[in-house]
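Down below is the structure, laid out as structure tokens.
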Amino acid sequence: MKWLILAAVTVTTFASLLVIGQAQEETPAPELNIDKRATAPAEAGGFAGYDIVVGNSGTLEATVEIRDQLPQGYDWLITGLSGRIDCELSDTLFLTCEAFLPERHLEEQEDGEVLFVNGRAKVSVMAYQHTSCVNLDNLAVLRWGDVLKADSAMLVILCPAAPTPVPTNTPTATPSPVPTETPVPT
């Protein structure tokens, strides 16, 4: 009798696990990320910039908002857009973008290989970096509903090396006379 009760409990538990397993289907959702990078170290008096890339590796498309308060004191411009993205830069240097990120999907490549491709969009901004030698740390934020993600990047500004002083009024040495004839020994 004890064995029968144990078997009944086992069957009931196994059946309960099957029902729980069936009820836990995956709900489609976006898997969003943001990556902000400085384009390269910049020299003082040259151009400097950032690239902001947003992506979706999830199973649901998403329209996201990107916000970035760019550093003051520079003349920033939007220099590139890639993907389905629209951006505006205000007079106060507040960058606002809206990007459509499709869900992760299969895509056939030129060589015939089929790969998973994530939804992606990119904005590039650039400014003339005056003569300041201050590094610029900056944060960009991605927003989708209540989801917030952020990433920052440090733009390194290379300062020119101090020039090596050139001596002035340095006396020059008088060259020794060079013999024009060589005596022949006798």
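Chain lettering (A, B, ...) mirrors the order of the structure tokens, residue numbering begins at 1 for each chain separately, and ligand numbering begins at 1 in order of display.
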
Within 7 Å of range 133-149 of chain A, counting only C-alpha atoms, which residues show up once you throw out same-chain ones fewer than 6 positions away? Write them as a ChimeraX atom specification, please. /A:33-34,36,44,64-68,70,155-159

Going by DSSP on the backbone, which residues of range 14-169 of chain A come out as strand (DSSP E or B)? List them as an MDAnalysis selection string. chainID A and resid 32:38 42:43 47:56 62:69 75:82 84:89 94:101 105:108 114:117 119:128 136:144 147:155 157:158

With distances taken over only C-alpha atoms, which residue among A:Ala161, A:Ile85, A:Leu60, A:Ala121 lies nearest Glu26 in chain A? A:Leu60

Taking only C-alpha atoms into account, which of A:Asp35, A:Asp75, A:Glu61, A:Glu103 comes nearest Tyr128 in chain A? A:Asp75

Could you give me the residues within range 10-172 of chain A that DSSP places in helix (DSSP H, G or I), as JSON, numbers by chain? {"A": [10, 11, 12, 13, 14, 15, 16, 17, 18, 19, 20, 21, 22, 23]}

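Pairwise distance (CA of Glu107 in chain A, CA of Val123 in chain A) equals 23.1 Å.
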
Using only C-alpha atoms, which protein or nucleic acid residues come within 8 Å of Asn56 in chain A? Drop anything in the same chain fewer than 6 positions from it, and give the result as a VMD selection string. chain A and resid 30 to 33 62 101 to 104 118 to 120

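Using only C-alpha atoms, the shortest contact distance between Gly46 in chain A and any of A:Pro28, A:Tyr74, A:Gly112, A:Ser152 is found at A:Tyr74.
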
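Candidate residues A:Ile78, A:Leu95, A:Ala40, A:Val54 were compared for distance to Met126 in chain A, and the nearest is A:Ile78, using only C-alpha atoms.
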